[in-house]
>>> print(open('work-v2.cif').read())   # mmCIF, C-alpha atoms
data_query
loop_
_atom_site.label_atom_id
_atom_site.label_comp_id
_atom_site.auth_asym_id
_atom_site.auth_seq_id
_atom_site.Cartn_x
_atom_site.Cartn_y
_atom_site.Cartn_z
CA MET J 1 -193.19 -46.29 11.13
CA LEU J 2 -196.04 -43.77 11.35
CA ALA J 3 -196.25 -44.24 15.12
CA GLN J 4 -192.50 -43.63 15.45
CA LYS J 5 -192.73 -40.47 13.34
CA LEU J 6 -195.71 -39.23 15.33
CA ILE J 7 -193.87 -39.85 18.61
CA LEU J 8 -190.77 -38.09 17.28
CA SER J 9 -192.83 -35.20 15.98
CA TYR J 10 -194.95 -34.90 19.13
CA GLY J 11 -191.92 -35.31 21.37
CA SER J 12 -189.84 -32.68 19.62
CA LYS J 13 -192.74 -30.22 19.38
CA ILE J 14 -193.66 -30.65 23.05
CA LEU J 15 -190.02 -30.31 24.11
CA ILE J 16 -189.66 -27.18 21.98
CA GLN J 17 -192.83 -25.76 23.50
CA LEU J 18 -191.64 -26.52 27.04
CA ILE J 19 -188.34 -24.75 26.31
CA GLN J 20 -190.24 -21.77 24.90
CA ILE J 21 -192.53 -21.67 27.92
CA ALA J 22 -189.56 -21.80 30.30
CA ALA J 23 -187.83 -18.95 28.50
CA SER J 24 -191.07 -17.00 28.23
CA ILE J 25 -191.53 -17.23 31.99
CA VAL J 26 -188.17 -15.52 32.52
CA VAL J 27 -188.82 -12.94 29.80
CA ALA J 28 -192.35 -12.22 31.02
CA ARG J 29 -191.33 -11.85 34.67
CA VAL J 30 -188.19 -9.78 34.04
CA ALA J 31 -189.22 -7.70 31.02
CA GLY J 32 -192.94 -7.34 31.74
CA PRO J 33 -196.05 -7.47 29.50
CA THR J 34 -195.21 -4.32 27.52
CA VAL J 35 -191.93 -5.70 26.15
CA LEU J 36 -193.57 -9.07 25.52
CA GLY J 37 -196.38 -7.35 23.65
CA THR J 38 -194.02 -5.20 21.58
CA VAL J 39 -192.10 -8.22 20.27
CA ALA J 40 -195.32 -10.17 19.66
CA PHE J 41 -196.78 -7.27 17.69
CA GLY J 42 -193.68 -6.88 15.52
CA LEU J 43 -193.68 -10.60 14.75
CA ALA J 44 -197.43 -10.60 14.01
CA TYR J 45 -197.25 -7.49 11.80
CA VAL J 46 -194.74 -9.19 9.48
CA SER J 47 -196.07 -12.75 9.75
CA MET J 48 -199.58 -11.63 8.78
CA PHE J 49 -198.31 -11.28 5.21
CA MET J 50 -196.28 -14.49 5.26
CA PHE J 51 -198.72 -16.20 2.88
CA ILE J 52 -197.20 -14.04 0.10
CA ALA J 53 -193.88 -15.85 0.62
CA ASP J 54 -195.59 -19.16 -0.15
CA LEU J 55 -198.74 -18.61 -2.25
CA GLY J 56 -199.53 -22.32 -2.00
CA ILE J 57 -196.41 -23.61 -3.77
CA GLY J 58 -195.09 -25.20 -0.56
CA THR J 59 -198.12 -27.48 -0.33
CA ALA J 60 -197.84 -28.18 -4.06
CA HIS J 61 -194.19 -29.16 -3.56
CA ILE J 62 -195.07 -31.58 -0.75
CA LYS J 63 -197.83 -33.14 -2.85
CA LEU J 64 -195.70 -33.55 -5.98
CA VAL J 65 -192.68 -34.90 -4.09
CA SER J 66 -194.86 -37.33 -2.09
CA GLU J 67 -196.44 -38.58 -5.32
CA GLY J 68 -193.02 -39.56 -6.67
CA LYS J 69 -192.33 -36.81 -9.23
CA ASP J 70 -188.72 -36.31 -10.32
CA LEU J 71 -187.08 -34.98 -7.14
CA GLY J 72 -184.33 -33.00 -8.87
CA LYS J 73 -186.77 -31.16 -11.12
CA CYS J 74 -189.14 -30.54 -8.20
CA ILE J 75 -186.39 -29.05 -6.03
CA SER J 76 -185.02 -26.81 -8.79
CA THR J 77 -188.45 -25.61 -9.91
CA TYR J 78 -189.58 -25.01 -6.35
CA THR J 79 -186.37 -23.09 -5.56
CA VAL J 80 -187.02 -20.62 -8.39
CA LEU J 81 -190.70 -20.17 -7.53
CA LYS J 82 -190.03 -19.84 -3.79
CA SER J 83 -187.28 -17.26 -4.34
CA ILE J 84 -189.69 -15.13 -6.38
CA THR J 85 -192.49 -15.30 -3.77
CA VAL J 86 -190.08 -14.55 -0.90
CA GLY J 87 -188.79 -11.50 -2.78
CA LEU J 88 -192.38 -10.32 -3.29
CA PHE J 89 -193.11 -10.84 0.40
CA PHE J 90 -190.13 -8.71 1.47
CA LEU J 91 -190.94 -5.85 -0.92
CA ILE J 92 -194.68 -5.80 -0.15
CA VAL J 93 -194.27 -5.81 3.66
CA LEU J 94 -191.58 -3.13 3.48
CA GLY J 95 -193.80 -1.10 1.14
CA ILE J 96 -196.83 -1.38 3.46
CA PHE J 97 -194.68 -0.34 6.43
CA LEU J 98 -193.31 2.73 4.60
CA PHE J 99 -196.71 3.73 3.21
CA GLN J 100 -198.29 3.47 6.65
CA LYS J 101 -195.61 5.63 8.19
CA TYR J 102 -194.87 8.26 5.52
CA VAL J 103 -197.96 8.40 3.29
CA PHE J 104 -200.92 7.60 5.57
CA HIS J 105 -199.13 8.91 8.70
CA ILE J 106 -200.49 6.11 10.88
CA LYS J 107 -198.15 6.14 13.85
CA PHE J 108 -196.88 3.14 15.75
CA GLU J 109 -196.87 3.20 19.54
CA SER J 110 -193.11 3.92 19.61
CA GLN J 111 -189.97 3.87 17.46
CA THR J 112 -189.07 0.60 19.16
CA HIS J 113 -192.06 -1.01 17.43
CA GLU J 114 -190.68 0.13 14.07
CA TYR J 115 -187.23 -1.34 14.73
CA VAL J 116 -188.74 -4.64 15.85
CA ILE J 117 -190.85 -4.87 12.67
CA LEU J 118 -187.84 -4.30 10.39
CA ILE J 119 -185.67 -6.86 12.23
CA MET J 120 -188.48 -9.42 12.16
CA LEU J 121 -188.92 -8.80 8.44
CA ILE J 122 -185.29 -9.75 7.77
CA SER J 123 -185.48 -12.77 10.05
CA ILE J 124 -188.70 -14.16 8.54
CA THR J 125 -187.40 -13.59 5.00
CA ILE J 126 -184.41 -15.82 5.78
CA GLN J 127 -186.66 -18.40 7.46
CA GLN J 128 -188.88 -18.54 4.38
CA LEU J 129 -185.90 -19.24 2.11
CA LEU J 130 -184.95 -22.11 4.42
CA PHE J 131 -188.34 -23.65 3.66
CA ILE J 132 -186.91 -24.83 0.33
CA PRO J 133 -185.08 -27.75 2.01
CA LYS J 134 -187.54 -28.05 4.92
CA THR J 135 -190.56 -28.48 2.63
CA THR J 136 -188.66 -31.11 0.67
CA PHE J 137 -188.03 -32.98 3.92
CA ALA J 138 -191.78 -32.78 4.64
CA GLY J 139 -192.67 -34.16 1.21
CA ARG J 140 -190.43 -37.16 1.85
CA THR J 141 -191.81 -37.48 5.44
CA GLU J 142 -188.25 -37.22 6.82
CA GLN J 143 -189.38 -36.07 10.21
CA ALA J 144 -186.00 -35.94 11.93
CA LYS J 145 -184.56 -33.60 9.29
CA GLN J 146 -187.49 -31.25 9.87
CA ASP J 147 -187.36 -31.37 13.65
CA ILE J 148 -183.61 -31.22 14.42
CA PRO J 149 -182.93 -27.75 12.90
CA ASP J 150 -186.12 -26.36 14.47
CA PHE J 151 -185.12 -27.72 17.85
CA ILE J 152 -181.59 -26.27 17.64
CA ARG J 153 -182.89 -22.87 16.49
CA THR J 154 -185.47 -22.79 19.27
CA LEU J 155 -182.93 -23.78 21.91
CA VAL J 156 -180.45 -21.10 20.77
CA TYR J 157 -183.12 -18.42 20.56
CA GLN J 158 -184.61 -19.17 23.97
CA VAL J 159 -181.17 -19.12 25.62
CA LEU J 160 -180.48 -15.78 23.91
CA ARG J 161 -183.85 -14.43 25.12
CA ILE J 162 -183.02 -15.26 28.73
CA ILE J 163 -179.52 -13.76 28.51
CA ILE J 164 -180.84 -10.61 26.81
CA VAL J 165 -183.51 -9.82 29.42
CA LEU J 166 -181.24 -10.68 32.37
CA LEU J 167 -178.69 -8.20 30.98
CA GLY J 168 -181.40 -5.54 30.96
CA TYR J 169 -182.01 -5.26 27.22
CA ARG J 170 -185.51 -4.90 25.82
CA ALA J 171 -187.64 -5.53 22.70
CA VAL J 172 -185.13 -4.61 19.96
CA ALA J 173 -182.47 -6.91 21.43
CA LEU J 174 -185.01 -9.75 21.68
CA ALA J 175 -185.83 -9.30 17.98
CA LEU J 176 -182.11 -9.39 17.15
CA GLY J 177 -181.85 -12.64 19.12
CA ASN J 178 -184.46 -14.13 16.79
CA LEU J 179 -182.41 -13.04 13.77
CA VAL J 180 -179.13 -14.44 15.17
CA SER J 181 -180.68 -17.85 15.94
CA THR J 182 -182.09 -18.01 12.41
CA ILE J 183 -178.69 -17.29 10.84
CA LEU J 184 -176.90 -19.84 13.03
CA VAL J 185 -179.13 -22.72 11.88
CA ILE J 186 -178.50 -22.11 8.15
CA PRO J 187 -175.34 -24.33 7.94
CA ILE J 188 -177.15 -27.24 9.64
CA ILE J 189 -180.05 -27.19 7.18
CA PHE J 190 -177.74 -26.92 4.17
CA PHE J 191 -175.67 -29.83 5.49
CA LEU J 192 -178.80 -32.02 5.71
CA PHE J 193 -179.83 -30.90 2.20
CA LYS J 194 -176.46 -31.09 0.40
CA ASP J 195 -176.91 -34.58 -1.14
CA TYR J 196 -180.33 -33.95 -2.68
CA PRO J 197 -180.48 -33.88 -6.50
CA HIS J 198 -180.90 -30.66 -8.49
CA SER J 199 -181.71 -30.10 -12.14
CA GLY J 200 -183.01 -27.28 -14.31
CA PHE J 201 -186.23 -25.31 -13.99
CA ASP J 202 -189.10 -27.22 -15.60
CA LYS J 203 -191.87 -25.08 -17.14
CA ASP J 204 -194.38 -27.93 -17.38
CA LEU J 205 -193.77 -28.86 -13.76
CA ALA J 206 -194.16 -25.20 -12.78
CA LYS J 207 -197.63 -25.27 -14.34
CA GLU J 208 -198.51 -28.21 -12.11
CA TYR J 209 -197.29 -26.21 -9.10
CA PHE J 210 -199.53 -23.28 -10.03
CA LYS J 211 -202.51 -25.54 -10.69
CA ILE J 212 -202.30 -27.00 -7.19
CA ALA J 213 -201.21 -23.74 -5.56
CA LEU J 214 -204.03 -21.48 -6.78
CA PRO J 215 -206.71 -22.59 -4.30
CA ILE J 216 -204.07 -23.29 -1.64
CA MET J 217 -203.05 -19.64 -1.88
CA PHE J 218 -206.41 -18.62 -0.40
CA ILE J 219 -206.08 -21.25 2.32
CA GLY J 220 -202.64 -19.92 3.22
CA MET J 221 -203.87 -16.33 3.23
CA SER J 222 -206.77 -17.04 5.58
CA THR J 223 -204.68 -19.26 7.86
CA LYS J 224 -201.80 -16.79 8.27
CA VAL J 225 -204.01 -13.74 8.71
CA ILE J 226 -206.16 -15.55 11.30
CA ALA J 227 -203.02 -16.63 13.18
CA TYR J 228 -201.59 -13.11 13.51
CA LEU J 229 -204.25 -10.45 12.86
CA ASP J 230 -205.59 -10.71 16.43
CA LYS J 231 -202.37 -9.28 17.90
CA VAL J 232 -202.15 -6.51 15.28
CA ILE J 233 -205.74 -5.37 15.81
CA LEU J 234 -205.35 -5.59 19.60
CA GLN J 235 -202.23 -3.38 19.37
CA PHE J 236 -203.91 -0.66 17.31
CA PHE J 237 -207.09 -0.68 19.41
CA THR J 238 -205.32 -0.86 22.79
CA CYS J 239 -201.59 -0.99 23.62
CA SER J 240 -198.55 -3.26 23.92
CA GLU J 241 -199.41 -4.14 27.51
CA GLN J 242 -202.72 -5.73 26.45
CA VAL J 243 -200.94 -7.59 23.65
CA GLY J 244 -198.49 -8.84 26.29
CA TYR J 245 -201.28 -10.25 28.45
CA TYR J 246 -202.83 -11.93 25.41
CA THR J 247 -199.49 -13.32 24.22
CA ALA J 248 -198.63 -14.71 27.67
CA GLY J 249 -201.92 -16.61 27.92
CA TYR J 250 -201.64 -17.77 24.34
CA ARG J 251 -198.04 -18.96 24.83
CA ILE J 252 -198.86 -21.20 27.78
CA GLY J 253 -202.11 -22.54 26.34
CA GLY J 254 -201.05 -22.73 22.72
CA PHE J 255 -198.66 -25.68 22.86
CA ILE J 256 -201.50 -27.80 21.49
CA LEU J 257 -201.22 -25.75 18.28
CA MET J 258 -197.70 -27.10 17.80
CA ILE J 259 -199.15 -30.60 17.72
CA ALA J 260 -201.69 -29.56 15.09
CA GLY J 261 -198.97 -28.18 12.83
CA SER J 262 -196.88 -31.30 13.24
CA VAL J 263 -199.83 -33.55 12.46
CA GLY J 264 -200.61 -31.57 9.33
CA LEU J 265 -197.08 -31.81 7.95
CA LEU J 266 -197.01 -35.55 8.54
CA PHE J 267 -200.53 -36.56 7.46
CA PHE J 268 -200.79 -34.49 4.25
CA PRO J 269 -198.06 -36.31 2.24
CA LEU J 270 -199.15 -39.69 3.64
CA PHE J 271 -202.81 -39.10 2.72
CA SER J 272 -201.84 -37.67 -0.65
CA LYS J 273 -199.87 -40.82 -1.46
CA ALA J 274 -202.68 -43.08 -0.19
CA VAL J 275 -205.24 -41.27 -2.37
CA ALA J 276 -202.97 -41.65 -5.39
CA ASN J 277 -202.88 -45.41 -4.67
CA GLY J 278 -206.63 -45.60 -3.99
CA ASP J 279 -205.99 -46.87 -0.45
CA PHE J 280 -208.77 -45.16 1.50
CA GLN J 281 -208.82 -47.80 4.21
CA TYR J 282 -205.29 -46.70 5.16
CA ILE J 283 -206.55 -43.14 5.68
CA LYS J 284 -209.49 -44.31 7.77
CA ASP J 285 -207.28 -46.47 9.99
CA LYS J 286 -204.77 -43.69 10.62
CA ILE J 287 -207.47 -41.16 11.51
CA ASN J 288 -209.08 -43.61 13.94
CA LYS J 289 -205.74 -44.26 15.64
CA PHE J 290 -205.03 -40.53 15.83
CA GLU J 291 -208.43 -39.80 17.39
CA ARG J 292 -207.93 -42.48 20.04
CA PHE J 293 -204.50 -41.06 20.80
CA SER J 294 -205.93 -37.54 21.07
CA PHE J 295 -208.77 -38.47 23.41
CA LEU J 296 -206.67 -40.77 25.62
CA PHE J 297 -203.52 -38.68 25.99
CA ILE J 298 -204.11 -35.08 24.85
CA MET J 299 -207.63 -34.35 26.11
CA PRO J 300 -206.96 -35.11 29.81
CA VAL J 301 -204.03 -32.70 29.77
CA VAL J 302 -206.17 -30.04 28.07
CA ILE J 303 -208.92 -30.37 30.70
CA LEU J 304 -206.47 -30.16 33.61
CA LEU J 305 -204.70 -27.11 32.17
CA ALA J 306 -208.00 -25.33 31.51
CA ILE J 307 -209.31 -26.01 35.03
CA TYR J 308 -206.13 -24.94 36.81
CA SER J 309 -205.19 -22.07 34.48
CA GLY J 310 -205.51 -19.55 37.31
CA ALA J 311 -203.03 -21.32 39.54
CA ILE J 312 -200.69 -21.98 36.61
CA VAL J 313 -200.56 -18.34 35.50
CA LYS J 314 -200.07 -17.01 39.05
CA VAL J 315 -197.29 -19.46 39.85
CA ILE J 316 -195.50 -19.22 36.52
CA LEU J 317 -195.94 -15.56 35.53
CA GLY J 318 -196.96 -13.84 38.76
CA HIS J 319 -199.93 -11.75 39.78
CA GLN J 320 -199.12 -9.05 37.21
CA TYR J 321 -200.45 -11.46 34.53
CA ILE J 322 -203.85 -12.20 36.09
CA PRO J 323 -205.60 -10.89 32.89
CA SER J 324 -203.96 -13.83 31.04
CA ILE J 325 -205.84 -16.52 33.02
CA ASN J 326 -209.08 -16.61 31.04
CA ILE J 327 -207.13 -16.25 27.79
CA MET J 328 -205.16 -19.40 28.55
CA SER J 329 -208.30 -21.43 29.39
CA ILE J 330 -210.08 -20.47 26.19
CA ILE J 331 -207.06 -20.87 23.92
CA ILE J 332 -206.12 -24.36 25.08
CA ILE J 333 -209.66 -25.70 24.52
CA ALA J 334 -209.83 -24.07 21.09
CA MET J 335 -206.47 -25.56 20.12
CA PHE J 336 -207.64 -29.06 21.03
CA PHE J 337 -210.55 -28.80 18.59
CA MET J 338 -208.08 -27.60 15.96
CA VAL J 339 -205.98 -30.73 16.51
CA LEU J 340 -209.04 -32.98 16.10
CA ASN J 341 -210.00 -31.25 12.85
CA MET J 342 -206.52 -31.36 11.33
CA PRO J 343 -206.59 -34.89 9.78
CA TYR J 344 -209.93 -34.20 8.06
CA GLY J 345 -208.53 -31.07 6.47
CA ASN J 346 -205.60 -33.15 5.26
CA VAL J 347 -208.00 -35.69 3.73
CA ILE J 348 -209.68 -32.91 1.73
CA THR J 349 -206.38 -31.50 0.45
CA GLY J 350 -204.81 -34.95 0.02
CA MET J 351 -207.70 -35.94 -2.29
CA GLY J 352 -207.02 -32.82 -4.34
CA TYR J 353 -210.16 -30.91 -3.29
CA PHE J 354 -208.19 -27.70 -2.83
CA LYS J 355 -211.06 -25.51 -4.04
CA LEU J 356 -213.36 -26.90 -1.35
CA ALA J 357 -210.65 -26.42 1.30
CA ALA J 358 -210.16 -22.83 0.11
CA ILE J 359 -213.90 -22.08 0.37
CA ILE J 360 -214.06 -23.50 3.91
CA ASN J 361 -211.04 -21.45 4.98
CA LEU J 362 -212.33 -18.23 3.39
CA ILE J 363 -215.66 -18.62 5.22
CA ASN J 364 -213.75 -19.14 8.47
CA PHE J 365 -211.59 -16.12 7.66
CA GLY J 366 -214.59 -13.85 7.03
CA PHE J 367 -216.27 -14.95 10.26
CA PHE J 368 -213.02 -14.38 12.19
CA ILE J 369 -212.60 -10.82 10.85
CA ILE J 370 -216.16 -9.85 11.79
CA VAL J 371 -215.95 -11.36 15.29
CA ILE J 372 -212.56 -9.92 16.19
CA LEU J 373 -213.49 -6.40 15.04
CA LEU J 374 -216.70 -6.50 17.06
CA LEU J 375 -215.13 -7.93 20.23
CA VAL J 376 -211.90 -5.92 20.33
CA ASN J 377 -213.17 -2.54 19.13
CA PRO J 378 -213.59 -0.18 22.13
#
>>> encode(input="work-v2.cif", output="structure tokens")
Amino acid sequence: MLAQKLILSYGSKILIQLIQIAASIVVARVAGPTVLGTVAFGLAYVSMFMFIADLGIGTAHIKLVSEGKDLGKCISTYTVLKSITVGLFFLIVLGIFLFQKYVFHIKFESQTHEYVILIMLISITIQQLLFIPKTTFAGRTEQAKQDIPDFIRTLVYQVLRIIIVLLGYRAVALALGNLVSTILVIPIIFFLFKDYPHSGFDKDLAKEYFKIALPIMFIGMSTKVIAYLDKVILQFFTCSEQVGYYTAGYRIGGFILMIAGSVGLLFFPLFSKAVANGDFQYIKDKINKFERFSFLFIMPVVILLAIYSGAIVKVILGHQYIPSINIMSIIIIAMFFMVLNMPYGNVITGMGYFKLAAIINLINFGFFIIVILLLVNP
């Protein structure tokens, strides 16, 4: 069963990434690095604060559901808590944007950047609300219900991206395409979620959520900021064109990151349940199988892509993206190490050592901030 879920998860994530790469080739060639960088910056600016929309309660929900807590109470309690955190996320990001513009008078590169940020804010707010059913699916390890809506949304969005750039529209229209694809997938997710039980908000259960979520909150903060701060800092220190080169190399080389995310969503509830049952041999066996799979099937692809990154970038994106070659080589190797580390992080969190995981992530976060400021600063 685990092998089937891994294959489904890997297959869907790889297919999604291939579709994204195909669409990105068209967008990159037709629109150019500046448009690509503008959209990437708008997405990163909003997503950098995405940890506020979760604050660790998503992980707590997966853990409690996987441990067999009352599903109806979990869903209802999580819905209330998630709605509050998503509302905070929207207000805080909007407040930071307005303060930056009107109080601190820190200008964006263009008005287009401002429009893209606001559209992305609406889109991500909706996506975060959809995590109420999606996180429940993850807690019950219902992989197909997680992957099908994501695949449909990705397919719709990538088709819209291609149509938009071929019609001559630019960054704002691409951001609107993201919003439209998010809205269109709402009925599908609600259809998959309609038969799940609901009951009232449980205060005692909410306390359990907060107990688990407190250290996870710091993990989520460091993870999200690390994932998106690079593009924001690069934008303010340079320009959208440089962000476009970086995004192009990251997009082609970063498909390994999709595998890491998929592995994390699958292994965490399984390991959490195994720890609750005291079955540590199960965890050891699954990690060994995953490592063999990674070294036999993923690593050869990583090595080939890193070696031939120059030819890949020139053929796929054209000579205008030559600065993206080294970026792709470095990113794809880094992502492979992230995949190898993922199960061990899930063991730590699955055993309930959230404080230890938070400390590790905060150390990583601090090191990342120092390095990126030193390397990117002119």
>>> closest_atom_pairs(input="work-v2.cif", of="region 43-88 of chain J", to="region 141-161 of chain J", cutoff="10 Å", atoms="all atoms listed in the file", output="CSV")
residue,atom,partner,partner_atom,distance
J:Ile62,CA,J:Thr141,CA,9.2
J:Val65,CA,J:Thr141,CA,9.9
J:Ser66,CA,J:Thr141,CA,8.1
>>> resolve_selection(input="work-v2.cif", expression="the PyMOL selection byres ((chain J and resi 20) around 10)", output="ChimeraX atom specification")
/J:14-19,21-25,154-155,157-159,161,251-252,255
>>> atom_distance(input="work-v2.cif", atom1="CA of Ser294 (chain J)", atom2="CA of Met335 (chain J)")
12.0 Å
>>> residues_around(input="work-v2.cif", residues="Ala173 (chain J)", least_positions_apart="6", cutoff="9 Å", atoms="all atoms listed in the file", output="PyMOL selection string")
chain J and resi 116+161+164-165
>>> resolve_selection(input="work-v2.cif", expression="the PyMOL selection byres ((chain J and resi 373) around 12)", output="list in words")
Leu229, Asp230, Lys231, Val232, Ile233, Leu234, Phe236, Phe237, Gly366, Phe367, Phe368, Ile369, Ile370, Val371, Ile372, Leu374, Leu375, Val376, Asn377 and Pro378 of chain J
>>> residues_near_point(input="work-v2.cif", point="(-199.9, -17.6, 35.2)", cutoff="6 Å", atoms="only C-alpha atoms", output="PDB file with C-alpha atoms, in the frame of the given file")
ATOM      1  CA  ILE J 312    -200.690 -21.980  36.610  1.00  0.00           C
ATOM      2  CA  VAL J 313    -200.560 -18.340  35.500  1.00  0.00           C
ATOM      3  CA  LYS J 314    -200.070 -17.010  39.050  1.00  0.00           C
ATOM      4  CA  VAL J 315    -197.290 -19.460  39.850  1.00  0.00           C
ATOM      5  CA  ILE J 316    -195.500 -19.220  36.520  1.00  0.00           C
ATOM      6  CA  LEU J 317    -195.940 -15.560  35.530  1.00  0.00           C
ATOM      7  CA  GLY J 318    -196.960 -13.840  38.760  1.00  0.00           C
TER       8      GLY J 318
END
>>> residues_around(input="work-v2.cif", residues="Met120 (chain J)", least_positions_apart="3", cutoff="7 Å", atoms="only C-alpha atoms", output="PyMOL selection string")
chain J and resi 42-43+46+116-117+123-124+175
>>> closest_residue(input="work-v2.cif", among="J:Lys107, J:Tyr102, J:Lys355, J:Gln320", to="Glu241 (chain J)", atoms="only C-alpha atoms")
J:Gln320
>>> resolve_selection(input="work-v2.cif", expression="the PyMOL selection byres ((chain J and resi 210) around 12)", output="tab-separated table (two decimals) with C-alpha atoms, in the coordinates of the input")
chain	number	residue	atom	x	y	z
J	54	ASP	CA	-195.59	-19.16	-0.15
J	55	LEU	CA	-198.74	-18.61	-2.25
J	56	GLY	CA	-199.53	-22.32	-2.00
J	57	ILE	CA	-196.41	-23.61	-3.77
J	58	GLY	CA	-195.09	-25.20	-0.56
J	59	THR	CA	-198.12	-27.48	-0.33
J	60	ALA	CA	-197.84	-28.18	-4.06
J	61	HIS	CA	-194.19	-29.16	-3.56
J	64	LEU	CA	-195.70	-33.55	-5.98
J	77	THR	CA	-188.45	-25.61	-9.91
J	78	TYR	CA	-189.58	-25.01	-6.35
J	81	LEU	CA	-190.70	-20.17	-7.53
J	82	LYS	CA	-190.03	-19.84	-3.79
J	203	LYS	CA	-191.87	-25.08	-17.14
J	204	ASP	CA	-194.38	-27.93	-17.38
J	205	LEU	CA	-193.77	-28.86	-13.76
J	206	ALA	CA	-194.16	-25.20	-12.78
J	207	LYS	CA	-197.63	-25.27	-14.34
J	208	GLU	CA	-198.51	-28.21	-12.11
J	209	TYR	CA	-197.29	-26.21	-9.10
J	211	LYS	CA	-202.51	-25.54	-10.69
J	212	ILE	CA	-202.30	-27.00	-7.19
J	213	ALA	CA	-201.21	-23.74	-5.56
J	214	LEU	CA	-204.03	-21.48	-6.78
J	215	PRO	CA	-206.71	-22.59	-4.30
J	216	ILE	CA	-204.07	-23.29	-1.64
J	217	MET	CA	-203.05	-19.64	-1.88
>>> closest_residue(input="work-v2.cif", among="J:Gln281, J:Ser324, J:Thr79, J:Asn346", to="Phe201 (chain J)", atoms="only C-alpha atoms")
J:Thr79
>>> atom_distance(input="work-v2.cif", atom1="CA of Pro187 (chain J)", atom2="CA of Val26 (chain J)")
29.1 Å
>>> residues_near_point(input="work-v2.cif", point="(-192.8, 4.1, 19.8)", cutoff="12 Å", atoms="only C-alpha atoms", output="PyMOL selection string")
chain J and resi 34-35+38+42+106-117+171-172+239-240
>>> atom_distance(input="work-v2.cif", atom1="CA of Val302 (chain J)", atom2="CA of Ile327 (chain J)")
13.8 Å
>>> closest_residue(input="work-v2.cif", among="J:Gly249, J:Phe97, J:Ile283, J:Ile363", to="Ile330 (chain J)", atoms="only C-alpha atoms")
J:Gly249
>>> residues_around(input="work-v2.cif", residues="Leu340 (chain J)", least_positions_apart="2", cutoff="9 Å", atoms="all atoms listed in the file", output="CSV table (one decimal) with C-alpha atoms, in the coordinates of the input")
chain,number,residue,atom,x,y,z
J,260,ALA,CA,-201.7,-29.6,15.1
J,290,PHE,CA,-205.0,-40.5,15.8
J,291,GLU,CA,-208.4,-39.8,17.4
J,294,SER,CA,-205.9,-37.5,21.1
J,335,MET,CA,-206.5,-25.6,20.1
J,336,PHE,CA,-207.6,-29.1,21.0
J,337,PHE,CA,-210.6,-28.8,18.6
J,338,MET,CA,-208.1,-27.6,16.0
J,342,MET,CA,-206.5,-31.4,11.3
J,343,PRO,CA,-206.6,-34.9,9.8
J,344,TYR,CA,-209.9,-34.2,8.1
